[in-house]
file final-v8.txt (compact mmCIF, C-alpha atoms)
# COMPACT_ATOMS: atom_id res chain seq x y z
CA MET A 8 21.10 16.37 20.53
CA LYS A 9 23.31 14.92 17.80
CA ILE A 10 21.81 11.70 16.49
CA ALA A 11 23.15 9.17 13.99
CA MET A 12 20.50 6.98 12.34
CA ILE A 13 22.14 3.92 10.80
CA GLY A 14 19.89 2.63 8.05
CA SER A 15 17.79 4.84 5.80
CA GLY A 16 15.03 2.41 5.00
CA TYR A 17 11.44 2.80 6.12
CA VAL A 18 12.01 2.96 9.86
CA GLY A 19 15.30 4.85 9.73
CA LEU A 20 14.12 7.51 7.31
CA VAL A 21 10.79 8.18 9.03
CA SER A 22 12.36 8.15 12.50
CA GLY A 23 15.27 10.33 11.41
CA ALA A 24 13.03 12.91 9.75
CA CYS A 25 10.68 13.08 12.74
CA LEU A 26 13.54 13.42 15.25
CA ALA A 27 15.00 16.21 13.12
CA ASP A 28 11.58 17.88 13.13
CA PHE A 29 11.74 17.78 16.93
CA GLY A 30 14.85 19.95 16.71
CA HIS A 31 17.61 17.34 16.98
CA GLU A 32 20.54 17.26 14.55
CA VAL A 33 20.15 13.98 12.68
CA THR A 34 22.44 12.29 10.17
CA CYS A 35 20.98 9.31 8.30
CA VAL A 36 23.62 6.80 7.22
CA ASP A 37 23.26 4.08 4.61
CA LYS A 38 25.68 1.97 2.57
CA ALA A 39 23.50 2.21 -0.53
CA VAL A 40 25.17 5.00 -2.48
CA ASP A 41 22.28 5.39 -4.94
CA LYS A 42 19.78 5.75 -2.11
CA ILE A 43 21.83 8.40 -0.31
CA GLU A 44 22.43 10.38 -3.50
CA ALA A 45 18.72 10.25 -4.26
CA LEU A 46 17.87 11.48 -0.75
CA LYS A 47 20.32 14.33 -1.15
CA ARG A 48 18.42 15.30 -4.30
CA GLY A 49 15.17 15.21 -2.37
CA GLU A 50 13.97 11.94 -3.91
CA ILE A 51 12.24 9.70 -1.36
CA PRO A 52 12.75 5.95 -2.04
CA ILE A 53 9.46 4.90 -0.39
CA PHE A 54 5.89 6.14 -0.59
CA GLU A 55 4.72 7.46 2.77
CA PRO A 56 2.21 10.33 2.92
CA GLY A 57 3.88 13.57 4.04
CA LEU A 58 7.40 12.18 4.24
CA ASP A 59 8.77 14.06 1.22
CA GLN A 60 7.74 17.41 2.68
CA LEU A 61 9.01 16.52 6.16
CA VAL A 62 12.42 15.54 4.78
CA ALA A 63 12.65 18.64 2.58
CA THR A 64 11.76 20.98 5.43
CA ASN A 65 14.36 19.58 7.80
CA VAL A 66 17.11 19.32 5.19
CA LYS A 67 16.51 22.97 4.36
CA ALA A 68 16.67 23.86 8.06
CA GLY A 69 20.02 22.06 8.38
CA ARG A 70 18.78 19.53 10.91
CA LEU A 71 18.72 16.49 8.62
CA SER A 72 21.51 15.20 6.37
CA PHE A 73 22.45 12.01 4.54
CA THR A 74 25.76 10.23 4.09
CA THR A 75 27.41 6.89 3.36
CA ASP A 76 30.10 7.65 5.96
CA LEU A 77 29.33 5.98 9.30
CA ALA A 78 32.41 6.86 11.30
CA GLY A 79 32.04 10.65 11.27
CA PRO A 80 28.40 10.91 12.41
CA VAL A 81 28.80 8.11 14.99
CA GLY A 82 31.91 9.76 16.45
CA GLU A 83 29.99 13.01 16.96
CA ALA A 84 26.68 11.51 18.11
CA ASP A 85 25.15 11.52 21.56
CA VAL A 86 22.78 8.75 20.48
CA VAL A 87 23.22 6.21 17.67
CA PHE A 88 20.14 4.36 16.40
CA ILE A 89 20.46 1.02 14.62
CA ALA A 90 17.61 0.87 12.10
CA VAL A 91 18.79 -1.74 9.59
CA GLY A 92 16.74 -4.61 8.20
CA THR A 93 16.06 -7.87 10.04
CA PRO A 94 14.43 -10.02 7.34
CA SER A 95 13.35 -13.60 7.89
CA ARG A 96 16.35 -15.85 7.42
CA ARG A 97 16.05 -18.30 4.57
CA GLY A 98 15.56 -21.87 5.64
CA ASP A 99 14.46 -21.52 9.25
CA GLY A 100 12.41 -18.33 9.61
CA HIS A 101 14.59 -16.79 12.33
CA ALA A 102 15.27 -13.07 12.11
CA ASP A 103 18.47 -12.42 10.14
CA LEU A 104 20.58 -10.30 12.50
CA SER A 105 23.69 -10.10 10.34
CA TYR A 106 23.05 -6.44 9.45
CA VAL A 107 22.48 -5.50 13.09
CA TYR A 108 25.65 -7.24 14.26
CA GLY A 109 27.71 -5.83 11.41
CA CYS A 110 26.43 -2.39 12.31
CA ALA A 111 27.42 -2.93 15.95
CA ARG A 112 31.01 -3.70 14.93
CA GLU A 113 31.25 -0.55 12.84
CA ILE A 114 29.76 1.57 15.61
CA ALA A 115 32.21 0.13 18.13
CA ALA A 116 35.14 1.22 16.01
CA ALA A 117 33.79 4.75 15.55
CA VAL A 118 32.33 5.86 18.91
CA LYS A 119 34.01 8.65 20.84
CA GLY A 120 33.08 9.47 24.40
CA PHE A 121 29.91 8.35 26.17
CA THR A 122 27.36 7.18 23.58
CA VAL A 123 23.93 5.60 23.78
CA VAL A 124 23.47 2.87 21.15
CA VAL A 125 19.80 2.19 20.47
CA THR A 126 18.38 -0.82 18.67
CA LYS A 127 15.40 0.50 16.69
CA SER A 128 15.25 -2.52 14.38
CA THR A 129 12.82 -5.26 15.35
CA VAL A 130 14.99 -7.92 16.96
CA PRO A 131 14.46 -11.10 19.01
CA VAL A 132 14.89 -11.22 22.76
CA GLY A 133 18.54 -11.11 23.75
CA THR A 134 19.78 -9.21 20.71
CA GLY A 135 20.71 -6.20 22.83
CA ASP A 136 22.92 -8.45 24.96
CA GLU A 137 24.75 -9.64 21.84
CA VAL A 138 25.08 -6.11 20.45
CA GLU A 139 26.66 -5.04 23.72
CA ARG A 140 29.02 -8.03 23.69
CA ILE A 141 30.09 -7.29 20.12
CA ILE A 142 30.82 -3.66 20.95
CA ARG A 143 32.81 -4.61 24.06
CA ASP A 144 34.81 -7.24 22.16
CA THR A 145 35.48 -4.94 19.21
CA ASN A 146 36.43 -1.93 21.31
CA PRO A 147 36.93 -2.65 25.03
CA ALA A 148 37.50 1.07 25.66
CA ALA A 149 34.13 2.12 24.21
CA ASP A 150 31.97 3.98 26.75
CA VAL A 151 28.54 2.90 25.55
CA VAL A 152 25.18 1.77 26.89
CA VAL A 153 22.93 -0.35 24.69
CA VAL A 154 19.20 0.38 24.67
CA SER A 155 16.14 -1.23 23.10
CA ASN A 156 13.62 1.22 21.61
CA PRO A 157 11.27 -0.68 19.28
CA GLU A 158 9.27 1.14 16.62
CA PHE A 159 5.50 0.97 16.36
CA LEU A 160 4.94 2.66 13.01
CA ARG A 161 2.08 1.77 10.70
CA GLU A 162 2.89 2.16 7.03
CA GLY A 163 0.70 4.88 5.56
CA ALA A 164 0.39 6.62 8.94
CA ALA A 165 3.98 6.52 10.15
CA ILE A 166 4.58 10.22 10.75
CA GLY A 167 1.47 10.57 12.88
CA ASP A 168 2.39 7.41 14.77
CA PHE A 169 5.86 8.74 15.54
CA LYS A 170 4.67 12.16 16.64
CA ARG A 171 1.56 11.02 18.50
CA PRO A 172 2.46 7.56 19.80
CA ASP A 173 0.38 5.43 22.15
CA ARG A 174 3.58 4.76 24.08
CA ILE A 175 7.37 4.91 23.78
CA VAL A 176 9.04 1.74 25.02
CA ILE A 177 12.65 2.04 26.17
CA GLY A 178 14.55 -0.96 27.50
CA ILE A 179 17.67 -0.18 29.53
CA GLU A 180 20.18 -2.08 31.66
CA ASP A 181 22.25 0.95 32.69
CA GLU A 182 20.64 3.96 34.36
CA ARG A 183 22.97 6.26 32.45
CA ALA A 184 20.73 5.72 29.42
CA ARG A 185 17.58 7.07 31.07
CA GLU A 186 18.37 10.79 30.86
CA PRO A 187 19.56 10.93 27.21
CA MET A 188 16.66 8.76 26.03
CA THR A 189 14.24 10.99 27.91
CA GLU A 190 15.82 13.98 26.18
CA VAL A 191 15.45 12.36 22.74
CA TYR A 192 11.69 12.16 23.23
CA ARG A 193 11.22 15.29 25.36
CA PRO A 194 9.25 17.10 22.60
CA LEU A 195 6.53 14.45 22.95
CA TYR A 196 5.85 15.49 26.54
CA LEU A 197 3.47 18.07 25.09
CA ASN A 198 1.35 15.21 23.78
CA GLN A 199 1.69 13.38 27.09
CA ALA A 200 3.01 10.31 25.31
CA PRO A 201 3.99 7.84 28.06
CA LEU A 202 7.62 6.74 28.25
CA LEU A 203 7.64 3.15 29.43
CA PHE A 204 11.06 2.21 30.78
CA THR A 205 11.61 -1.53 31.13
CA ALA A 206 14.44 -4.03 31.19
CA ARG A 207 16.03 -4.44 27.76
CA ARG A 208 14.81 -7.98 27.09
CA THR A 209 11.30 -6.99 28.13
CA SER A 210 11.32 -4.14 25.63
CA GLU A 211 12.43 -6.49 22.85
CA LEU A 212 9.61 -8.89 23.65
CA ILE A 213 6.96 -6.13 23.82
CA LYS A 214 7.42 -5.43 20.12
CA TYR A 215 6.96 -9.06 19.09
CA ALA A 216 4.12 -9.66 21.53
CA GLY A 217 2.27 -6.58 20.27
CA ASN A 218 2.51 -7.53 16.62
CA ALA A 219 1.64 -11.15 17.32
CA PHE A 220 -1.47 -10.14 19.25
CA LEU A 221 -2.67 -7.88 16.44
CA ALA A 222 -1.98 -10.57 13.85
CA MET A 223 -3.95 -13.00 15.99
CA LYS A 224 -6.85 -10.52 16.15
CA ILE A 225 -6.94 -10.26 12.34
CA THR A 226 -6.82 -14.04 12.02
CA PHE A 227 -9.60 -14.45 14.58
CA ILE A 228 -12.02 -12.23 12.69
CA ASN A 229 -11.11 -13.97 9.43
CA GLU A 230 -12.08 -17.31 10.95
CA MET A 231 -15.31 -15.74 12.24
CA ALA A 232 -15.93 -14.51 8.67
CA ASP A 233 -15.76 -18.07 7.37
CA LEU A 234 -18.22 -19.19 10.04
CA CYS A 235 -20.52 -16.27 9.22
CA GLU A 236 -20.68 -17.40 5.61
CA ARG A 237 -21.71 -20.90 6.68
CA VAL A 238 -24.40 -19.84 9.16
CA GLY A 239 -25.76 -16.78 7.38
CA ALA A 240 -24.41 -14.10 9.73
CA ASP A 241 -22.67 -10.79 8.90
CA VAL A 242 -19.06 -10.56 10.05
CA GLN A 243 -19.08 -6.75 9.98
CA ASP A 244 -21.91 -6.69 12.50
CA VAL A 245 -20.15 -9.37 14.55
CA ALA A 246 -17.01 -7.21 14.54
CA ARG A 247 -18.97 -4.15 15.65
CA GLY A 248 -20.76 -6.15 18.31
CA ILE A 249 -17.60 -7.44 19.92
CA GLY A 250 -15.52 -4.35 19.17
CA LEU A 251 -17.78 -2.15 21.28
CA ASP A 252 -16.62 -4.17 24.27
CA GLY A 253 -13.84 -2.03 25.74
CA ARG A 254 -11.88 -5.13 26.65
CA ILE A 255 -11.68 -6.11 22.96
CA GLY A 256 -11.76 -2.88 20.94
CA SER A 257 -12.69 -2.36 17.30
CA LYS A 258 -9.25 -2.07 15.71
CA PHE A 259 -7.91 -4.95 13.59
CA LEU A 260 -11.32 -6.60 13.40
CA HIS A 261 -11.74 -6.22 9.64
CA ALA A 262 -12.18 -9.47 7.76
CA GLY A 263 -10.18 -9.82 4.58
CA PRO A 264 -7.58 -11.82 2.67
CA GLY A 265 -5.08 -12.09 5.54
CA TYR A 266 -2.29 -9.91 6.86
CA GLY A 267 0.88 -9.04 4.98
CA GLY A 268 3.55 -6.36 5.02
CA SER A 269 7.01 -5.98 6.46
CA CYS A 270 6.15 -6.67 10.10
CA PHE A 271 3.40 -9.16 10.94
CA PRO A 272 4.54 -12.12 8.79
CA LYS A 273 8.20 -11.70 9.74
CA ASP A 274 7.65 -10.95 13.41
CA THR A 275 5.12 -13.69 14.13
CA LEU A 276 7.43 -16.24 12.56
CA ALA A 277 10.45 -14.92 14.48
CA LEU A 278 8.50 -15.08 17.75
CA VAL A 279 7.52 -18.68 17.02
CA LYS A 280 11.15 -19.61 16.39
CA THR A 281 12.40 -17.77 19.48
CA ALA A 282 9.80 -19.50 21.65
CA GLN A 283 10.71 -22.90 20.22
CA ASP A 284 14.41 -22.27 20.91
CA HIS A 285 13.58 -21.53 24.55
CA ASP A 286 11.33 -24.60 24.87
CA SER A 287 8.26 -22.42 25.44
CA PRO A 288 6.15 -22.82 22.29
CA VAL A 289 3.48 -20.21 21.49
CA ARG A 290 0.76 -22.42 20.05
CA LEU A 291 -1.72 -19.62 19.38
CA ILE A 292 0.84 -17.74 17.29
CA GLU A 293 1.93 -20.89 15.47
CA THR A 294 -1.70 -21.46 14.47
CA THR A 295 -2.09 -17.81 13.49
CA VAL A 296 0.85 -18.10 11.10
CA ALA A 297 -0.51 -21.30 9.56
CA ILE A 298 -4.06 -19.94 9.11
CA ASN A 299 -2.80 -16.73 7.52
CA ASP A 300 -0.62 -18.61 5.05
CA GLN A 301 -3.58 -20.73 3.97
CA ARG A 302 -6.05 -17.86 3.80
CA LYS A 303 -4.51 -16.04 0.87
CA ARG A 304 -4.89 -18.93 -1.54
CA ALA A 305 -8.35 -19.57 -0.09
CA MET A 306 -9.29 -16.10 -1.34
CA ALA A 307 -8.23 -17.18 -4.83
CA ARG A 308 -10.65 -20.12 -4.53
CA LYS A 309 -13.39 -17.63 -3.63
CA VAL A 310 -12.70 -15.84 -6.92
CA VAL A 311 -12.84 -19.12 -8.83
CA THR A 312 -16.19 -19.94 -7.25
CA ALA A 313 -17.54 -16.48 -8.10
CA VAL A 314 -16.90 -17.01 -11.83
CA GLY A 315 -18.53 -20.43 -11.93
CA GLY A 316 -15.85 -22.78 -10.69
CA ASP A 317 -13.25 -22.47 -13.45
CA VAL A 318 -10.98 -19.54 -14.36
CA ARG A 319 -9.01 -21.25 -17.11
CA GLY A 320 -8.90 -18.95 -20.12
CA LYS A 321 -10.65 -16.17 -18.20
CA THR A 322 -9.35 -12.69 -17.40
CA ILE A 323 -9.33 -11.58 -13.78
CA ALA A 324 -8.79 -7.91 -12.90
CA ILE A 325 -7.05 -7.24 -9.58
CA LEU A 326 -7.50 -3.85 -7.90
CA GLY A 327 -4.88 -3.22 -5.22
CA LEU A 328 -1.52 -4.98 -5.12
CA THR A 329 0.17 -3.56 -2.01
CA PHE A 330 -0.46 -5.21 1.35
CA LYS A 331 -2.43 -2.17 2.54
CA PRO A 332 -3.41 1.29 1.22
CA ASN A 333 -1.17 4.37 1.31
CA THR A 334 2.08 2.48 0.82
CA ASP A 335 4.06 1.04 -2.07
CA ASP A 336 5.14 -1.96 0.02
CA MET A 337 4.58 -5.32 -1.64
CA ARG A 338 6.21 -7.46 1.04
CA GLU A 339 4.05 -10.51 1.83
CA ALA A 340 1.07 -8.80 0.15
CA PRO A 341 -1.99 -11.08 -0.17
CA SER A 342 -2.16 -10.15 -3.86
CA LEU A 343 1.01 -12.15 -4.52
CA SER A 344 -0.48 -15.45 -3.38
CA ILE A 345 -3.90 -14.71 -4.84
CA ILE A 346 -2.53 -13.87 -8.27
CA GLN A 347 -0.19 -16.86 -8.28
CA ALA A 348 -3.03 -19.21 -7.37
CA LEU A 349 -5.28 -17.77 -10.08
CA GLN A 350 -2.48 -18.08 -12.64
CA ASP A 351 -1.92 -21.67 -11.52
CA ALA A 352 -5.60 -22.26 -12.29
CA GLY A 353 -5.18 -20.85 -15.80
CA ALA A 354 -6.38 -17.26 -15.42
CA THR A 355 -5.00 -14.22 -17.23
CA ILE A 356 -4.32 -11.35 -14.81
CA ARG A 357 -4.69 -7.60 -15.23
CA GLY A 358 -3.65 -5.44 -12.28
CA TYR A 359 -3.77 -1.88 -11.03
CA ASP A 360 -2.46 -0.19 -7.89
CA PRO A 361 -2.05 3.57 -7.27
CA GLU A 362 1.49 3.17 -5.89
CA GLY A 363 2.63 -0.44 -5.97
CA MET A 364 2.96 -1.42 -9.60
CA GLU A 365 6.66 -0.67 -9.96
CA ALA A 366 7.47 -2.89 -6.98
CA ALA A 367 5.03 -5.54 -8.19
CA ARG A 368 6.76 -5.87 -11.56
CA GLY A 369 9.76 -7.46 -9.89
CA LEU A 370 7.62 -9.97 -7.99
CA LEU A 371 4.89 -11.03 -10.42
CA ASP A 372 5.25 -12.48 -13.91
CA ASN A 373 2.76 -12.36 -16.74
CA VAL A 374 0.58 -9.60 -15.29
CA THR A 375 -0.71 -6.77 -17.48
CA TYR A 376 -0.42 -3.52 -15.54
CA THR A 377 -3.00 -0.86 -16.34
CA LYS A 378 -3.49 2.90 -15.94
CA ASP A 379 -6.58 2.92 -13.70
CA ALA A 380 -9.41 0.78 -12.32
CA TYR A 381 -11.50 1.00 -15.50
CA ASP A 382 -8.61 0.11 -17.78
CA CYS A 383 -7.91 -2.81 -15.45
CA ALA A 384 -11.51 -4.02 -15.67
CA THR A 385 -11.66 -3.87 -19.46
CA GLY A 386 -12.38 -7.33 -20.86
CA ALA A 387 -12.37 -8.94 -17.42
CA ASP A 388 -14.57 -11.84 -16.34
CA ALA A 389 -14.30 -10.70 -12.73
CA LEU A 390 -13.03 -7.65 -10.85
CA VAL A 391 -11.38 -8.37 -7.48
CA ILE A 392 -10.75 -5.73 -4.82
CA VAL A 393 -7.71 -6.94 -2.87
CA THR A 394 -6.49 -3.69 -1.28
CA GLU A 395 -8.95 -1.03 -0.11
CA TRP A 396 -7.42 2.11 -1.61
CA ASP A 397 -9.73 5.14 -1.41
CA ALA A 398 -9.77 5.25 -5.20
CA PHE A 399 -11.70 1.95 -5.21
CA ARG A 400 -14.39 2.95 -2.70
CA ALA A 401 -16.68 4.79 -5.12
CA LEU A 402 -16.27 3.05 -8.46
CA ASP A 403 -18.66 3.91 -11.28
CA LEU A 404 -20.43 0.56 -11.44
CA PRO A 405 -22.45 1.24 -14.63
CA ARG A 406 -19.22 2.23 -16.37
CA LEU A 407 -17.48 -0.91 -15.12
CA LYS A 408 -20.31 -3.06 -16.42
CA THR A 409 -19.93 -1.65 -19.92
CA VAL A 410 -16.21 -2.53 -20.15
CA MET A 411 -16.24 -5.95 -18.46
CA THR A 412 -16.90 -9.22 -20.24
CA ALA A 413 -18.93 -10.42 -17.26
CA PRO A 414 -20.25 -8.26 -14.38
CA VAL A 415 -18.72 -10.07 -11.40
CA LEU A 416 -17.30 -8.16 -8.42
CA VAL A 417 -15.35 -10.00 -5.72
CA ASP A 418 -14.88 -7.66 -2.78
CA LEU A 419 -12.23 -9.10 -0.44
CA ARG A 420 -12.30 -5.98 1.76
CA ASN A 421 -16.08 -5.58 2.13
CA VAL A 422 -15.94 -2.06 0.72
CA TYR A 423 -19.41 -2.25 -0.86
CA LYS A 424 -22.89 -3.30 0.18
CA ALA A 425 -24.30 -6.26 -1.68
CA ALA A 426 -27.62 -4.54 -2.44
CA ASP A 427 -25.88 -1.55 -4.05
CA VAL A 428 -23.76 -3.74 -6.30
CA ASN A 429 -26.54 -6.15 -7.21
CA ARG A 430 -28.76 -3.20 -8.15
CA HIS A 431 -26.39 -2.44 -11.02
CA GLY A 432 -26.61 -5.97 -12.37
CA PHE A 433 -23.44 -7.38 -10.84
CA ALA A 434 -22.91 -10.76 -9.25
CA TYR A 435 -21.25 -9.92 -5.93
CA ALA A 436 -19.11 -11.89 -3.49
CA SER A 437 -17.60 -10.57 -0.26
CA VAL A 438 -16.00 -11.91 2.91
CA GLY A 439 -18.08 -13.18 5.81
CA ARG A 440 -21.38 -11.73 4.68
CA GLY A 441 -22.99 -14.67 2.97
CA ALA A 442 -23.04 -12.83 -0.34
call {"tool": "encode", "arguments": {"input": "final-v8.txt", "output": "structure tokens"}}
result
Amino acid sequence: MKIAMIGSGYVGLVSGACLADFGHEVTCVDKAVDKIEALKRGEIPIFEPGLDQLVATNVKAGRLSFTTDLAGPVGEADVVFIAVGTPSRRGDGHADLSYVYGCAREIAAAVKGFTVVVTKSTVPVGTGDEVERIIRDTNPAADVVVVSNPEFLREGAAIGDFKRPDRIVIGIEDERAREPMTEVYRPLYLNQAPLLFTARRTSELIKYAGNAFLAMKITFINEMADLCERVGADVQDVARGIGLDGRIGSKFLHAGPGYGGSCFPKDTLALVKTAQDHDSPVRLIETTVAINDQRKRAMARKVVTAVGGDVRGKTIAILGLTFKPNTDDMREAPSLSIIQALQDAGATIRGYDPEGMEAARGLLDNVTYTKDAYDCATGADALVIVTEWDAFRALDLPRLKTVMTAPVLVDLRNVYKAADVNRHGFAYASVGRGA
């Protein structure tokens, strides 16, 4: 099939490369000239394990190409995916759909013959209806069907998620869309990935409901962690104990500094606003959002407590800046709030991240960026693990102790065991383990 992928950001680039790897002919379109030129040179604008090789292989095979021209690829396409950004709108938290709607107008002017237009971007309920209206108004002669096909990609594991999905959700209002959408994902039949066809609005809500539920699960175990600290229990054992229940499951039950990234903060807030607009408030999700916002600065207070109650004039070393490992994404990363709160309290900050420092420079002021974990820890009064990169899981503790001003380790991801750290002469603080 000929596929046009409008938007070459995270979702568009990963989806486009994977669809090309399935054997489809994919053209990724983006208005950012620098980005497209870089992609043509084989330079990937995001860090995602395996993506550079996947793109290179399919470009070489002639199945994947990049352009700033929308009209040509859309005119030739059987299926056009909209994969542009939907950031939180300033002021009210609603999803900003201006890019999606602008894209719909351009597609309407360029389509030729029967075309399936697919919203891949994460959008509120009813967006597909508006996209269809815009296309009809812009070009009444356009022979299109509008489909919802939300993405469920985890940063750091996106290629595997696309090729071995738990499910593929496809929301349609016109049966003519069923066959081409089935053909798009036909290669996944080998993996027996279920295609779930629903109404379009249902598909749009599935994406938000899924992310909100996972965010709620993270927030639940974080609240349990706080209770564990008060009563002398171990949150990791609590998580295992409840996670072994098949009705609950073990995933997303890892206590830490709160969720971040490009999806959970934006999508939970958008769901709250959508529900309020329809006079059907989602109180659990509203509370989840509020707790998560508060938690990040609470983690800064944990650091302050660990160094004796005052960080003014002290140096704090932060290991891990991105919101999760195996990505360079700094969006809504807990490190941002933690560092800001520590700076507000008078601390000097040193930071290190294997992939995120370039992005962090534009978001954080007065941070000294270092070459590795040991350089970061040099002269520090406390070392704080904020993101659980593999590189931080087996630190040389005796070496760290020799370069730090004070041997204090604050482990916000529970990577280490208290006894192991204490044995090397460190004061140790973690989350939900009473230590």
call {"tool": "residues_near_point", "arguments": {"input": "final-v8.txt", "point": "(1.7, 5.0, 8.0)", "cutoff": "10 Å", "atoms": "all atoms listed in the file", "output": "list in words"}}
result
Val21, Phe54, Glu55, Pro56, Gly57, Leu58, Leu160, Arg161, Glu162, Gly163, Ala164, Ala165, Ile166, Gly167, Asp168, Phe169, Lys331, Pro332, Asn333 and Thr334 of chain A
call {"tool": "atom_distance", "arguments": {"input": "final-v8.txt", "atom1": "CA of Ala232 in chain A", "atom2": "CA of Gly263 in chain A"}}
result
8.5 Å
call {"tool": "residues_around", "arguments": {"input": "final-v8.txt", "residues": "range 137-152 of chain A", "least_positions_apart": "3", "cutoff": "7 Å", "atoms": "only C-alpha atoms", "output": "ChimeraX atom specification"}}
result
/A:108,111-112,115-116,118,120-124,133-134,181,184
call {"tool": "residues_around", "arguments": {"input": "final-v8.txt", "residues": "Leu197 in chain A", "least_positions_apart": "2", "cutoff": "12 Å", "atoms": "all atoms listed in the file", "output": "list in words"}}
result
Phe29, Lys170, Arg171, Pro172, Tyr192, Arg193, Pro194, Leu195, Gln199, Ala200 and Pro201 of chain A
call {"tool": "closest_residue", "arguments": {"input": "final-v8.txt", "among": "A:Met364, A:Met188, A:Leu407, A:Ile213", "to": "Ala380 in chain A", "atoms": "all atoms listed in the file"}}
result
A:Leu407
call {"tool": "closest_residue", "arguments": {"input": "final-v8.txt", "among": "A:Gly265, A:Pro361, A:Gly315, A:Gly14", "to": "Ala398 in chain A", "atoms": "only C-alpha atoms"}}
result
A:Pro361
call {"tool": "atom_distance", "arguments": {"input": "final-v8.txt", "atom1": "CA of Tyr266 in chain A", "atom2": "CA of Arg302 in chain A"}}
result
9.3 Å
call {"tool": "residues_around", "arguments": {"input": "final-v8.txt", "residues": "Thr375 in chain A", "least_positions_apart": "5", "cutoff": "7 Å", "atoms": "only C-alpha atoms", "output": "ChimeraX atom specification"}}
result
/A:356-358
call {"tool": "atom_distance", "arguments": {"input": "final-v8.txt", "atom1": "CA of Lys424 in chain A", "atom2": "CA of Trp396 in chain A"}}
result
16.5 Å
call {"tool": "closest_residue", "arguments": {"input": "final-v8.txt", "among": "A:Ile53, A:Ala366, A:Val153, A:Leu203", "to": "Thr329 in chain A", "atoms": "only C-alpha atoms"}}
result
A:Ala366
call {"tool": "residues_near_point", "arguments": {"input": "final-v8.txt", "point": "(-19.9, -8.1, 12.2)", "cutoff": "12 Å", "atoms": "only C-alpha atoms", "output": "PyMOL selection string"}}
result
chain A and resi 228-229+231-236+239-251+257+260-262+421+438-441
call {"tool": "residues_around", "arguments": {"input": "final-v8.txt", "residues": "Gly69 in chain A", "least_positions_apart": "6", "cutoff": "12 Å", "atoms": "all atoms listed in the file", "output": "list in words"}}
result
Ala24, Ala27, Asp28, Gly30, His31, Glu32, Val33, Thr34, Val62 and Ala63 of chain A
call {"tool": "write_last_selection", "arguments": {"input": "final-v8.txt", "atoms": "C-alpha atoms", "output": "compact mmCIF listing (two decimals), in the frame of the given file"}}
result
# COMPACT_ATOMS: atom_id res chain seq x y z
CA ALA A 24 13.03 12.91 9.75
CA ALA A 27 15.00 16.21 13.12
CA ASP A 28 11.58 17.88 13.13
CA GLY A 30 14.85 19.95 16.71
CA HIS A 31 17.61 17.34 16.98
CA GLU A 32 20.54 17.26 14.55
CA VAL A 33 20.15 13.98 12.68
CA THR A 34 22.44 12.29 10.17
CA VAL A 62 12.42 15.54 4.78
CA ALA A 63 12.65 18.64 2.58
